[in-house]
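Visitor: Okay, handing you the structure first.
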Amino acid sequence: MTTIALPQNNNGLHGTLSIPGDKSISHRSVMFGAISEGRTTVDHFLFSDDCLRTIAAFRALGVKIETTSDQVTIEGKGGFDQFENPDQPLDMGNSGTSTRLLLGLLARQPFDIEMVGDASLSRRPLNRVIEPLAQMGAQISARDNNLLPLTLHANRRLQEIDYQLPVASAQVKSALILAGLQADQPTQLTEKLITRDHTEKMLQQFGGSIQQEGKHIKVTPQSEFQGQHISVPGDISSAAFFIVAGLCVPNSKVVLQQVGLNPTRTGILSALSKMGAQFEISNETAASEPAGDITIHSQQLQAINLTDQDIPGLVDEVPLIALAATQATGTTVISGAEELRVKETDRIETVTEELKKMGADIEQRPDGFVINGGTKLHSAVEPLDSHGDHRIGMMLAVANLIAGGTGQLQHADAINISYPTFWQDVAQLQS
Ligand code: S3P
């Protein structure tokens with residue numbers, strides 16, 4: 001276990017950061033690169049533990065992938081049928097995105113594939129993907145309750161499906177799109193709520209076609225994709241730590257460069273605007289995945305109510321909204337967020353437990369939180385704990401800055417899962 005002394009606030013955060021590449025888009029760029037014809041190059045790839053799992057899995061499947069400090073080059077296999085039988089289980093580590101998307105992408109291979117993961121991933125539900133994939137003809141055998149480790153058995157046929165997703169999940173949707181591309185006939189999906197659409201956008205960028213109308217998606221079977229040059233925008237979920245820090249650490253002003261602004265991901269900005277935050281967006285680029293620079297300065301926030309409709313657009317940022325709510329005037333109620341219970345940790349539990357150590361007035365509900373704001377957070381006396389969850393670790397680092405605290409963080413290394421340069425970036429804004 002790595003325990004570290006958290007960075008202390010000197011005189012606010014100041015300066016400009018280039019935000020590391022988007023995790024969701026980085027994973028998908030390797031997946032589409034692997035099934036495409038020819039070479040794919042990916043700039044500003046996120047070299048974090050999770051994305052390295054996806055690279056390792058495709059290398060084990062015989063895909064040639066080269067990396068430099070900021071770029072990935074993938075020599076595509078030209079479809080789904082040229083992968084090699086991996087000689088050991090694919091180790092998904094902590095990565096839910098790798099696991100769920102690969103289950104769909106690899107559901108029609110001529111050999112068995114085993115998948116394993118770390119303790120946290122081995123507790124996370126896969127039923128939500130396994131069940132519809134089984135309806136399509138995938139042969140998956142997993143431990144009790146459909147948990148990792150599992151075996152994806154050799155299977156040469158997938159049937160189409162007409163499926164209403166019971167959970168709002170981009171991972172499940174993406175797995176079914178990737179399986180639907182390999183089915184006999186078109187697949188129809190209806191989302192519960194609209195979730196991030198990076199798979200749909202990237203599929204089109206690689207020359208495929210997909211029909212989308214609101215929550216309805218139609219996937220036509222196809223296996224011919226063309227290698228591309230992808231430039232990954234900064235991850236808004238990583239930028240979010242510095243957005244909330246910039247708002248809530250007194251005397252701060254930060255500029256976050258080229259942050260992805262895909263409308264299915266900007267729920268954090270909408271929520272903070274509703275809390276009264278003012279920020280500036282400049283240098284916008286209008287690629288398939290739009291991006292822009294965000295400038296934030298410290299200011300007073302007000303409480304907000306978030307419901308199930310709001311959650312998919314900021315699902316990974318709810319812990320940060322909870323933190324911001326401790327500093328806002330009034331009472332914040334977050335409901336319809338039960339998906340947080342099946343993330344890398346039960347984030348309703350871990351956010352409540354950890355923020356209470358700093359004096360937050362926060363109570364959990366089965367599907368969210370009630371937070372009475374206007375609390376002066378104090379330094380935690382006992383060590384804070386990420387519980388092995390990258391986003392909880394970084395949220396607590398921001399909380400400690402807001403508190404002017406001298407806290408310690410246990411399991412700090414979890415942060416490498418999505419943001420290996422996080423501590424350097426905090427230090428840069430303090431210099
Ligand atoms: C992701 C989707 C979300 C998100 C995760 C990444 C993706 O998960 O929480 O960090 O890349 O598709 P769910 O689809 O389970 O909500």
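Convention: chains lettered A, B, ... in structure tokens order; per-chain residue numbering from 1; ligands numbered from 1 as shown.
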Do a neighbour search on Arg39 of chain A at 12 Å with only C-alpha atoms, toss out local chain neighbours closer than 3 positions, and write the hits as an NGL selection string.

Guide: :A and (29-30 or 32-36 or 42 or 63-66 or 72-78 or 206 or 225-230)

Visitor: Write out as a ChimeraX atom specification the set of residues from segment 141-288 of chain A that DSSP, computed on the backbone, places in strand (DSSP E or B).

Guide: /A:141-143,147-152,162-164,187-190,210-213,216-219,226,229-231,234,253-260,279-285

Visitor: Just write the chosen residues, N, CA and C atoms, as a compact mmCIF listing (two decimals), in the first residue's frame.

Guide:
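See selection_25.txt below for the written result:
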```txt
# COMPACT_ATOMS: atom_id res chain seq x y z
N SER A 141 -18.67 -18.44 -20.10
CA SER A 141 -18.88 -19.06 -18.79
C SER A 141 -18.05 -18.32 -17.76
N ALA A 142 -18.74 -17.90 -16.71
CA ALA A 142 -18.09 -17.09 -15.68
C ALA A 142 -18.42 -17.65 -14.32
N ARG A 143 -17.72 -17.11 -13.34
CA ARG A 143 -17.92 -17.48 -11.94
C ARG A 143 -19.36 -17.13 -11.54
N LEU A 147 -19.25 -13.07 -12.77
CA LEU A 147 -18.13 -12.18 -12.43
C LEU A 147 -16.86 -12.75 -13.04
N LEU A 148 -15.82 -11.90 -13.14
CA LEU A 148 -14.50 -12.40 -13.57
C LEU A 148 -13.98 -13.38 -12.52
N PRO A 149 -13.11 -14.31 -12.87
CA PRO A 149 -12.60 -14.62 -14.20
C PRO A 149 -13.65 -15.34 -15.05
N LEU A 150 -13.48 -15.23 -16.36
CA LEU A 150 -14.44 -15.88 -17.27
C LEU A 150 -13.73 -16.44 -18.49
N THR A 151 -14.47 -17.27 -19.20
CA THR A 151 -13.98 -17.79 -20.49
C THR A 151 -15.00 -17.45 -21.56
N LEU A 152 -14.48 -16.86 -22.60
CA LEU A 152 -15.29 -16.55 -23.78
C LEU A 152 -14.99 -17.71 -24.73
N ASP A 162 -32.62 -7.17 -30.65
CA ASP A 162 -33.39 -5.93 -30.50
C ASP A 162 -33.50 -5.75 -28.99
N TYR A 163 -32.77 -4.81 -28.45
CA TYR A 163 -32.54 -4.83 -27.00
C TYR A 163 -32.70 -3.46 -26.38
N GLN A 164 -33.45 -3.45 -25.28
CA GLN A 164 -33.63 -2.24 -24.49
C GLN A 164 -32.67 -2.33 -23.31
N THR A 187 -28.74 -4.91 -35.75
CA THR A 187 -29.09 -4.92 -34.32
C THR A 187 -29.71 -3.58 -33.95
N GLN A 188 -30.75 -3.63 -33.12
CA GLN A 188 -31.40 -2.38 -32.67
C GLN A 188 -31.23 -2.28 -31.16
N LEU A 189 -30.74 -1.13 -30.72
CA LEU A 189 -30.54 -0.90 -29.29
C LEU A 189 -31.33 0.33 -28.86
N THR A 190 -31.93 0.26 -27.68
CA THR A 190 -32.58 1.45 -27.12
C THR A 190 -31.96 1.70 -25.76
N ILE A 210 -23.55 4.03 -38.72
CA ILE A 210 -24.43 3.63 -37.62
C ILE A 210 -25.56 4.65 -37.58
N GLN A 211 -26.78 4.17 -37.37
CA GLN A 211 -27.89 5.12 -37.32
C GLN A 211 -28.24 5.41 -35.87
N GLN A 212 -28.40 6.70 -35.58
CA GLN A 212 -28.73 7.10 -34.21
C GLN A 212 -29.87 8.08 -34.26
N GLU A 213 -30.85 7.87 -33.41
CA GLU A 213 -31.90 8.87 -33.26
C GLU A 213 -32.28 8.87 -31.79
N HIS A 216 -32.27 5.65 -29.71
CA HIS A 216 -32.31 4.47 -30.59
C HIS A 216 -31.08 4.40 -31.48
N ILE A 217 -30.54 3.21 -31.56
CA ILE A 217 -29.32 3.00 -32.36
C ILE A 217 -29.53 1.76 -33.22
N LYS A 218 -29.17 1.88 -34.49
CA LYS A 218 -29.23 0.69 -35.37
C LYS A 218 -27.82 0.41 -35.89
N VAL A 219 -27.36 -0.81 -35.65
CA VAL A 219 -26.01 -1.21 -36.06
C VAL A 219 -26.14 -2.19 -37.23
N GLN A 226 -11.28 1.53 -42.04
CA GLN A 226 -9.99 2.02 -42.55
C GLN A 226 -9.20 2.68 -41.43
N HIS A 229 -5.94 8.55 -38.51
CA HIS A 229 -5.13 9.32 -37.56
C HIS A 229 -6.08 9.92 -36.54
N ILE A 230 -5.89 9.59 -35.29
CA ILE A 230 -6.78 10.08 -34.22
C ILE A 230 -5.98 11.02 -33.32
N SER A 231 -6.61 12.12 -32.97
CA SER A 231 -5.99 13.02 -31.99
C SER A 231 -6.93 13.04 -30.78
N GLY A 234 -8.23 16.13 -24.46
CA GLY A 234 -8.03 15.97 -23.01
C GLY A 234 -9.28 15.38 -22.37
N LYS A 253 -6.77 30.59 -10.15
CA LYS A 253 -7.18 30.80 -11.54
C LYS A 253 -6.40 29.83 -12.41
N VAL A 254 -7.11 28.95 -13.09
CA VAL A 254 -6.42 27.95 -13.92
C VAL A 254 -7.02 27.88 -15.31
N VAL A 255 -6.16 27.53 -16.27
CA VAL A 255 -6.60 27.32 -17.65
C VAL A 255 -6.29 25.86 -17.99
N LEU A 256 -7.30 25.15 -18.43
CA LEU A 256 -7.15 23.73 -18.78
C LEU A 256 -7.29 23.61 -20.29
N GLN A 257 -6.21 23.15 -20.93
CA GLN A 257 -6.18 23.22 -22.40
C GLN A 257 -6.73 21.98 -23.08
N GLN A 258 -7.43 22.23 -24.18
CA GLN A 258 -7.95 21.20 -25.09
C GLN A 258 -8.64 20.05 -24.35
N VAL A 259 -9.63 20.44 -23.59
CA VAL A 259 -10.46 19.48 -22.86
C VAL A 259 -11.58 19.01 -23.80
N GLY A 260 -11.81 17.72 -23.86
CA GLY A 260 -12.90 17.18 -24.69
C GLY A 260 -14.24 17.74 -24.24
N PHE A 279 -17.37 30.19 -15.92
CA PHE A 279 -16.07 29.85 -16.49
C PHE A 279 -16.11 30.22 -17.95
N GLU A 280 -14.94 30.25 -18.53
CA GLU A 280 -14.86 30.69 -19.93
C GLU A 280 -14.36 29.51 -20.77
N ILE A 281 -14.98 29.34 -21.94
CA ILE A 281 -14.49 28.31 -22.86
C ILE A 281 -13.97 29.02 -24.11
N SER A 282 -12.74 28.72 -24.50
CA SER A 282 -12.14 29.41 -25.65
C SER A 282 -11.40 28.39 -26.53
N ASN A 283 -10.90 28.87 -27.65
CA ASN A 283 -10.12 28.02 -28.58
C ASN A 283 -10.85 26.72 -28.92
N GLU A 284 -12.14 26.81 -29.17
CA GLU A 284 -12.89 25.58 -29.43
C GLU A 284 -12.53 25.00 -30.80
N THR A 285 -12.38 23.68 -30.83
CA THR A 285 -12.16 22.98 -32.10
C THR A 285 -13.37 22.12 -32.36
```

Visitor: Write out, as a tab-separated table, each residue of segment 219-295 of chain A that has an atom at most 12 Å from segment 299-317 of chain A, together with the closest pair of atoms and their distance in Å to one decimal, counting only C-alpha atoms, rows going by chain and rising number.

Guide:
```
residue	atom	partner	partner_atom	distance
A:Asp235	CA	A:Asp316	CA	11.4
A:Ile236	CA	A:Glu317	CA	9.3
A:Ser237	CA	A:Glu317	CA	6.5
A:Ser238	CA	A:Glu317	CA	9.1
A:Ala239	CA	A:Glu317	CA	10.2
A:Ala240	CA	A:Glu317	CA	7.0
A:Phe241	CA	A:Glu317	CA	8.5
A:Phe242	CA	A:Glu317	CA	11.7
A:Ile243	CA	A:Glu317	CA	10.8
A:Val244	CA	A:Glu317	CA	10.0
A:Ala245	CA	A:Gln299	CA	10.6
A:Gly246	CA	A:Gln299	CA	8.6
A:Leu247	CA	A:Gln299	CA	5.5
A:Cys248	CA	A:Gln299	CA	6.7
A:Val249	CA	A:Gln299	CA	8.8
A:Pro250	CA	A:Gln299	CA	7.7
A:Asn251	CA	A:Gln299	CA	8.7
A:Ser252	CA	A:Gln299	CA	9.0
A:Lys253	CA	A:Gln299	CA	10.1
A:Leu261	CA	A:Gly313	CA	11.2
A:Asn262	CA	A:Gly313	CA	9.9
A:Pro263	CA	A:Gly313	CA	8.0
A:Thr264	CA	A:Gly313	CA	5.4
A:Arg265	CA	A:Gly313	CA	4.9
A:Thr266	CA	A:Gly313	CA	6.2
A:Gly267	CA	A:Gly313	CA	4.4
A:Ile268	CA	A:Leu314	CA	5.4
A:Leu269	CA	A:Leu314	CA	8.8
A:Ser270	CA	A:Gly313	CA	9.2
A:Ala271	CA	A:Ile304	CA	7.6
A:Leu272	CA	A:Leu301	CA	8.0
A:Ser273	CA	A:Leu301	CA	9.1
A:Lys274	CA	A:Ile304	CA	6.9
A:Met275	CA	A:Gln302	CA	4.7
A:Gly276	CA	A:Leu301	CA	5.5
A:Ala277	CA	A:Leu301	CA	6.2
A:Gln278	CA	A:Gln299	CA	8.2
A:Phe279	CA	A:Gln299	CA	10.0
```

Visitor: Measure the distance from atom CA of Gly93 of chain A to atom 13 (P, counted along the ligand's line) of ligand 1 in Å and round it to one decimal.

Guide: 16.6 Å

Visitor: Taking the DSSP assignment computed from this structure's backbone, write out as a short mmCIF file (atom, residue, chain, number, x, y, z; two decimals) with N, CA, C and O atoms, in the first residue's frame all residues of segment 196-372 of chain A that belong to helix (DSSP H, G or I).

Guide:
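Okay, this is what ended up in result10.cif:
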```
data_model
loop_
_atom_site.label_atom_id
_atom_site.label_comp_id
_atom_site.auth_asym_id
_atom_site.auth_seq_id
_atom_site.Cartn_x
_atom_site.Cartn_y
_atom_site.Cartn_z
N HIS A 198 -18.85 7.91 -27.69
CA HIS A 198 -17.54 7.84 -28.34
C HIS A 198 -17.42 6.66 -29.30
O HIS A 198 -16.75 6.76 -30.32
N THR A 199 -18.07 5.54 -28.97
CA THR A 199 -17.98 4.38 -29.87
C THR A 199 -18.66 4.70 -31.20
O THR A 199 -18.11 4.42 -32.28
N GLU A 200 -19.85 5.30 -31.12
CA GLU A 200 -20.58 5.64 -32.34
C GLU A 200 -19.77 6.61 -33.19
O GLU A 200 -19.65 6.45 -34.41
N LYS A 201 -19.17 7.60 -32.56
CA LYS A 201 -18.40 8.61 -33.30
C LYS A 201 -17.16 7.98 -33.93
O LYS A 201 -16.82 8.25 -35.08
N MET A 202 -16.50 7.13 -33.17
CA MET A 202 -15.27 6.56 -33.71
C MET A 202 -15.56 5.57 -34.82
O MET A 202 -14.83 5.52 -35.82
N LEU A 203 -16.65 4.83 -34.68
CA LEU A 203 -17.05 3.89 -35.73
C LEU A 203 -17.21 4.66 -37.06
O LEU A 203 -16.74 4.23 -38.11
N GLN A 204 -17.83 5.83 -36.97
CA GLN A 204 -18.03 6.63 -38.19
C GLN A 204 -16.71 7.19 -38.69
O GLN A 204 -16.46 7.23 -39.89
N GLN A 205 -15.86 7.59 -37.76
CA GLN A 205 -14.57 8.16 -38.17
C GLN A 205 -13.72 7.11 -38.91
O GLN A 205 -12.94 7.45 -39.79
N ILE A 236 -12.18 15.18 -20.00
CA ILE A 236 -12.95 16.10 -19.14
C ILE A 236 -13.09 15.52 -17.72
O ILE A 236 -13.17 16.27 -16.75
N SER A 237 -13.06 14.19 -17.62
CA SER A 237 -13.16 13.58 -16.29
C SER A 237 -11.88 13.82 -15.48
O SER A 237 -11.91 13.82 -14.25
N SER A 238 -10.74 14.00 -16.16
CA SER A 238 -9.50 14.36 -15.47
C SER A 238 -9.46 15.87 -15.21
O SER A 238 -9.07 16.31 -14.12
N ALA A 239 -9.88 16.65 -16.22
CA ALA A 239 -9.93 18.10 -16.06
C ALA A 239 -10.82 18.46 -14.87
O ALA A 239 -10.58 19.45 -14.16
N ALA A 240 -11.86 17.65 -14.63
CA ALA A 240 -12.86 17.97 -13.61
C ALA A 240 -12.23 18.18 -12.23
O ALA A 240 -12.72 19.00 -11.44
N PHE A 241 -11.13 17.46 -11.93
CA PHE A 241 -10.49 17.65 -10.62
C PHE A 241 -9.97 19.08 -10.48
O PHE A 241 -10.09 19.70 -9.43
N PHE A 242 -9.43 19.60 -11.59
CA PHE A 242 -8.88 20.96 -11.53
C PHE A 242 -9.96 22.01 -11.75
O PHE A 242 -9.77 23.16 -11.38
N ILE A 243 -11.07 21.61 -12.36
CA ILE A 243 -12.19 22.56 -12.47
C ILE A 243 -12.73 22.83 -11.06
O ILE A 243 -12.89 23.98 -10.63
N VAL A 244 -12.98 21.74 -10.31
CA VAL A 244 -13.53 21.92 -8.96
C VAL A 244 -12.47 22.54 -8.03
O VAL A 244 -12.80 23.42 -7.23
N ALA A 245 -11.21 22.15 -8.20
CA ALA A 245 -10.16 22.78 -7.39
C ALA A 245 -10.09 24.26 -7.70
O ALA A 245 -10.03 25.10 -6.79
N GLY A 246 -10.13 24.62 -8.98
CA GLY A 246 -10.06 26.03 -9.37
C GLY A 246 -11.22 26.83 -8.81
O GLY A 246 -11.06 28.00 -8.44
N LEU A 247 -12.38 26.21 -8.71
CA LEU A 247 -13.56 26.91 -8.18
C LEU A 247 -13.50 27.04 -6.66
O LEU A 247 -13.93 28.07 -6.11
N CYS A 248 -13.02 26.00 -5.98
CA CYS A 248 -13.19 25.93 -4.52
C CYS A 248 -11.93 26.21 -3.70
O CYS A 248 -12.04 26.41 -2.49
N GLY A 267 -21.76 17.10 -18.68
CA GLY A 267 -22.70 17.26 -17.56
C GLY A 267 -22.08 17.97 -16.37
O GLY A 267 -22.75 18.72 -15.65
N ILE A 268 -20.78 17.78 -16.15
CA ILE A 268 -20.10 18.45 -15.04
C ILE A 268 -20.15 19.97 -15.22
O ILE A 268 -20.36 20.71 -14.26
N LEU A 269 -20.00 20.42 -16.47
CA LEU A 269 -20.02 21.87 -16.71
C LEU A 269 -21.43 22.42 -16.51
O LEU A 269 -21.62 23.48 -15.91
N SER A 270 -22.44 21.66 -17.00
CA SER A 270 -23.83 22.12 -16.82
C SER A 270 -24.18 22.17 -15.34
O SER A 270 -24.81 23.13 -14.87
N ALA A 271 -23.77 21.15 -14.60
CA ALA A 271 -24.11 21.10 -13.17
C ALA A 271 -23.44 22.26 -12.43
O ALA A 271 -24.09 22.96 -11.63
N LEU A 272 -22.17 22.49 -12.73
CA LEU A 272 -21.47 23.57 -12.02
C LEU A 272 -22.05 24.93 -12.42
O LEU A 272 -22.14 25.83 -11.59
N SER A 273 -22.47 25.07 -13.69
CA SER A 273 -23.13 26.32 -14.10
C SER A 273 -24.39 26.53 -13.27
O SER A 273 -24.65 27.64 -12.79
N LYS A 274 -25.16 25.44 -13.10
CA LYS A 274 -26.39 25.55 -12.29
C LYS A 274 -26.05 25.90 -10.84
O LYS A 274 -26.86 26.48 -10.13
N ASP A 308 -31.73 11.23 -11.75
CA ASP A 308 -31.24 10.17 -12.65
C ASP A 308 -30.94 10.68 -14.06
O ASP A 308 -29.99 10.25 -14.69
N GLN A 309 -31.72 11.65 -14.53
CA GLN A 309 -31.53 12.17 -15.89
C GLN A 309 -30.16 12.86 -16.05
O GLN A 309 -29.62 12.91 -17.15
N ASP A 310 -29.66 13.40 -14.95
CA ASP A 310 -28.39 14.14 -15.02
C ASP A 310 -27.17 13.22 -14.95
O ASP A 310 -26.07 13.62 -15.31
N PRO A 312 -25.89 10.21 -16.30
CA PRO A 312 -24.98 9.69 -17.33
C PRO A 312 -23.98 10.73 -17.85
O PRO A 312 -22.84 10.38 -18.15
N GLY A 313 -24.36 11.97 -17.91
CA GLY A 313 -23.48 13.02 -18.45
C GLY A 313 -22.34 13.39 -17.52
O GLY A 313 -21.41 14.10 -17.92
N LEU A 314 -22.42 12.93 -16.26
CA LEU A 314 -21.34 13.24 -15.31
C LEU A 314 -21.08 12.08 -14.36
O LEU A 314 -20.64 12.28 -13.22
N VAL A 315 -21.33 10.84 -14.88
CA VAL A 315 -21.31 9.68 -13.98
C VAL A 315 -19.99 9.56 -13.19
O VAL A 315 -20.01 9.22 -12.01
N ASP A 316 -18.87 9.89 -13.82
CA ASP A 316 -17.59 9.75 -13.12
C ASP A 316 -17.26 10.97 -12.26
O ASP A 316 -16.29 10.95 -11.50
N GLU A 317 -18.05 12.04 -12.43
CA GLU A 317 -17.75 13.29 -11.73
C GLU A 317 -18.63 13.50 -10.50
O GLU A 317 -18.49 14.53 -9.80
N VAL A 318 -19.53 12.57 -10.20
CA VAL A 318 -20.42 12.77 -9.05
C VAL A 318 -19.63 12.95 -7.74
O VAL A 318 -19.98 13.83 -6.94
N PRO A 319 -18.53 12.20 -7.52
CA PRO A 319 -17.78 12.45 -6.27
C PRO A 319 -17.30 13.91 -6.17
O PRO A 319 -17.27 14.48 -5.08
N LEU A 320 -16.96 14.50 -7.31
CA LEU A 320 -16.50 15.89 -7.29
C LEU A 320 -17.65 16.87 -7.06
O LEU A 320 -17.47 17.90 -6.42
N ILE A 321 -18.83 16.54 -7.59
CA ILE A 321 -20.00 17.39 -7.33
C ILE A 321 -20.30 17.33 -5.82
O ILE A 321 -20.62 18.34 -5.20
N ALA A 322 -20.17 16.13 -5.25
CA ALA A 322 -20.41 16.00 -3.80
C ALA A 322 -19.43 16.88 -3.03
O ALA A 322 -19.82 17.58 -2.08
N LEU A 323 -18.17 16.87 -3.45
CA LEU A 323 -17.18 17.72 -2.78
C LEU A 323 -17.54 19.20 -2.96
O LEU A 323 -17.53 19.97 -1.97
N ALA A 324 -17.85 19.59 -4.19
CA ALA A 324 -18.20 21.01 -4.44
C ALA A 324 -19.41 21.40 -3.59
O ALA A 324 -19.49 22.52 -3.06
N ALA A 325 -20.35 20.44 -3.42
CA ALA A 325 -21.57 20.73 -2.65
C ALA A 325 -21.27 21.02 -1.18
O ALA A 325 -21.99 21.77 -0.53
N THR A 326 -20.18 20.44 -0.66
CA THR A 326 -19.83 20.74 0.75
C THR A 326 -19.45 22.21 0.90
O THR A 326 -19.52 22.76 1.99
N GLN A 327 -19.03 22.83 -0.20
CA GLN A 327 -18.58 24.24 -0.17
C GLN A 327 -19.68 25.20 -0.62
O GLN A 327 -19.51 26.42 -0.56
N GLU A 338 -27.48 5.34 -8.38
CA GLU A 338 -27.12 4.02 -7.82
C GLU A 338 -26.01 3.32 -8.60
O GLU A 338 -25.34 2.44 -8.07
N GLU A 339 -25.78 3.72 -9.86
CA GLU A 339 -24.68 3.13 -10.63
C GLU A 339 -23.33 3.35 -9.94
O GLU A 339 -22.38 2.60 -10.16
N LEU A 340 -23.26 4.41 -9.11
CA LEU A 340 -21.99 4.68 -8.42
C LEU A 340 -21.60 3.54 -7.49
O LEU A 340 -20.44 3.39 -7.14
N ARG A 341 -22.59 2.75 -7.10
CA ARG A 341 -22.29 1.64 -6.18
C ARG A 341 -21.52 0.51 -6.85
O ARG A 341 -20.98 -0.35 -6.17
N VAL A 342 -21.52 0.49 -8.20
CA VAL A 342 -20.81 -0.60 -8.89
C VAL A 342 -19.65 -0.07 -9.75
O VAL A 342 -19.28 -0.66 -10.75
N ARG A 347 -18.91 4.06 -4.76
CA ARG A 347 -18.51 5.47 -4.57
C ARG A 347 -19.48 6.25 -3.68
O ARG A 347 -19.10 7.31 -3.15
N ILE A 348 -20.69 5.76 -3.50
CA ILE A 348 -21.59 6.44 -2.55
C ILE A 348 -21.02 6.24 -1.14
O ILE A 348 -20.93 7.17 -0.34
N GLU A 349 -20.57 5.02 -0.91
CA GLU A 349 -20.01 4.67 0.39
C GLU A 349 -18.65 5.37 0.61
O GLU A 349 -18.43 6.01 1.64
N THR A 350 -17.76 5.25 -0.36
CA THR A 350 -16.39 5.75 -0.14
C THR A 350 -16.36 7.28 -0.07
O THR A 350 -15.64 7.85 0.75
N VAL A 351 -17.17 7.95 -0.90
CA VAL A 351 -17.21 9.43 -0.84
C VAL A 351 -17.71 9.87 0.54
O VAL A 351 -17.12 10.76 1.18
N THR A 352 -18.78 9.23 1.02
CA THR A 352 -19.36 9.63 2.30
C THR A 352 -18.37 9.40 3.44
O THR A 352 -18.09 10.29 4.25
N GLU A 353 -17.81 8.19 3.46
CA GLU A 353 -16.89 7.84 4.54
C GLU A 353 -15.68 8.78 4.57
O GLU A 353 -15.29 9.28 5.63
N GLU A 354 -15.11 9.05 3.42
CA GLU A 354 -13.87 9.83 3.39
C GLU A 354 -14.12 11.32 3.63
O GLU A 354 -13.37 11.97 4.35
N LEU A 355 -15.18 11.87 3.03
CA LEU A 355 -15.41 13.32 3.24
C LEU A 355 -15.82 13.61 4.68
O LEU A 355 -15.52 14.68 5.22
N LYS A 356 -16.46 12.63 5.32
CA LYS A 356 -16.80 12.82 6.75
C LYS A 356 -15.54 12.99 7.59
O LYS A 356 -15.55 13.70 8.60
#
```

Visitor: Show me which residues line ligand 1, defined as having an atom within 7 Å of a ligand atom where only C-alpha atoms and all ligand atoms count, and present them as an NGL selection string.

Guide: :A and (23-24 or 97 or 168-172 or 174 or 196 or 312 or 315-316 or 343)

Visitor: Got time to write the residues from that selection, C-alpha atoms, as a PDB file, in the first residue's frame?

Guide:
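result-v1.pdb was written with the following content:
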```pdb
ATOM      1  CA  LYS A  23      -9.517   7.434 -21.295  1.00  0.00           C
ATOM      2  CA  SER A  24     -12.691   6.307 -23.088  1.00  0.00           C
ATOM      3  CA  THR A  97     -14.055  -0.466 -20.136  1.00  0.00           C
ATOM      4  CA  ALA A 168     -27.682   3.577 -18.605  1.00  0.00           C
ATOM      5  CA  SER A 169     -24.229   2.334 -19.577  1.00  0.00           C
ATOM      6  CA  ALA A 170     -21.964   3.328 -22.446  1.00  0.00           C
ATOM      7  CA  GLN A 171     -19.879   0.246 -21.778  1.00  0.00           C
ATOM      8  CA  VAL A 172     -22.823  -2.105 -22.292  1.00  0.00           C
ATOM      9  CA  SER A 174     -20.525  -0.240 -26.841  1.00  0.00           C
ATOM     10  CA  ARG A 196     -21.365   8.881 -23.948  1.00  0.00           C
ATOM     11  CA  PRO A 312     -24.979   9.688 -17.330  1.00  0.00           C
ATOM     12  CA  VAL A 315     -21.307   9.683 -13.977  1.00  0.00           C
ATOM     13  CA  ASP A 316     -17.594   9.747 -13.116  1.00  0.00           C
ATOM     14  CA  LYS A 343     -17.880   1.550  -9.987  1.00  0.00           C
TER      15      LYS A 343
END
```

Visitor: Report as a list in words all protein, DNA and RNA residues lying within 10 Å of Ile113 of chain A, evaluated on only C-alpha atoms, omitting residues in the same chain fewer than 4 positions from it.

Guide: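 These residues fall inside the cut-off: Leu61, Asn85, Pro86, Asp87, Gln88, Pro89, Leu90, Leu103, Leu106, Ala107, Gln109, Ile140, Leu150, Thr151, Leu152, His153 and Ala154 of chain A.
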
Visitor: Could you save those same residues with N, CA and C atoms as a compact mmCIF listing (two decimals), in the first residue's frame?

Guide:
```txt
# COMPACT_ATOMS: atom_id res chain seq x y z
N LEU A 61 -3.41 -10.72 -28.68
CA LEU A 61 -4.25 -11.25 -29.78
C LEU A 61 -3.53 -11.13 -31.13
N ASN A 85 -4.71 -16.69 -31.26
CA ASN A 85 -5.13 -17.27 -29.98
C ASN A 85 -4.15 -16.84 -28.88
N PRO A 86 -4.57 -16.04 -27.90
CA PRO A 86 -3.62 -15.60 -26.87
C PRO A 86 -3.16 -16.79 -26.04
N ASP A 87 -1.86 -16.81 -25.67
CA ASP A 87 -1.38 -18.00 -24.97
C ASP A 87 -1.56 -17.91 -23.46
N GLN A 88 -2.13 -16.79 -22.99
CA GLN A 88 -2.50 -16.73 -21.58
C GLN A 88 -3.75 -15.87 -21.40
N PRO A 89 -4.35 -15.91 -20.21
CA PRO A 89 -5.57 -15.11 -20.00
C PRO A 89 -5.30 -13.63 -20.26
N LEU A 90 -6.28 -12.93 -20.79
CA LEU A 90 -6.17 -11.48 -20.95
C LEU A 90 -6.39 -10.86 -19.58
N LEU A 103 -15.53 -7.97 -24.44
CA LEU A 103 -16.47 -9.09 -24.47
C LEU A 103 -17.31 -9.04 -25.74
N LEU A 106 -14.90 -9.53 -28.98
CA LEU A 106 -14.30 -10.86 -29.15
C LEU A 106 -15.33 -11.99 -29.03
N ALA A 107 -16.61 -11.67 -29.19
CA ALA A 107 -17.66 -12.69 -28.96
C ALA A 107 -17.79 -13.70 -30.09
N GLN A 109 -14.96 -15.43 -31.87
CA GLN A 109 -13.62 -15.88 -32.23
C GLN A 109 -13.58 -17.42 -32.31
N ILE A 140 -20.33 -17.66 -23.05
CA ILE A 140 -19.46 -17.14 -21.99
C ILE A 140 -19.72 -17.91 -20.71
N LEU A 150 -13.48 -15.23 -16.36
CA LEU A 150 -14.44 -15.88 -17.27
C LEU A 150 -13.73 -16.44 -18.49
N THR A 151 -14.47 -17.27 -19.20
CA THR A 151 -13.98 -17.79 -20.49
C THR A 151 -15.00 -17.45 -21.56
N LEU A 152 -14.48 -16.86 -22.60
CA LEU A 152 -15.29 -16.55 -23.78
C LEU A 152 -14.99 -17.71 -24.73
N HIS A 153 -15.97 -18.61 -24.89
CA HIS A 153 -15.69 -19.83 -25.65
C HIS A 153 -15.74 -19.59 -27.15
N ALA A 154 -15.04 -20.46 -27.87
CA ALA A 154 -15.02 -20.38 -29.34
C ALA A 154 -16.46 -20.34 -29.84
```
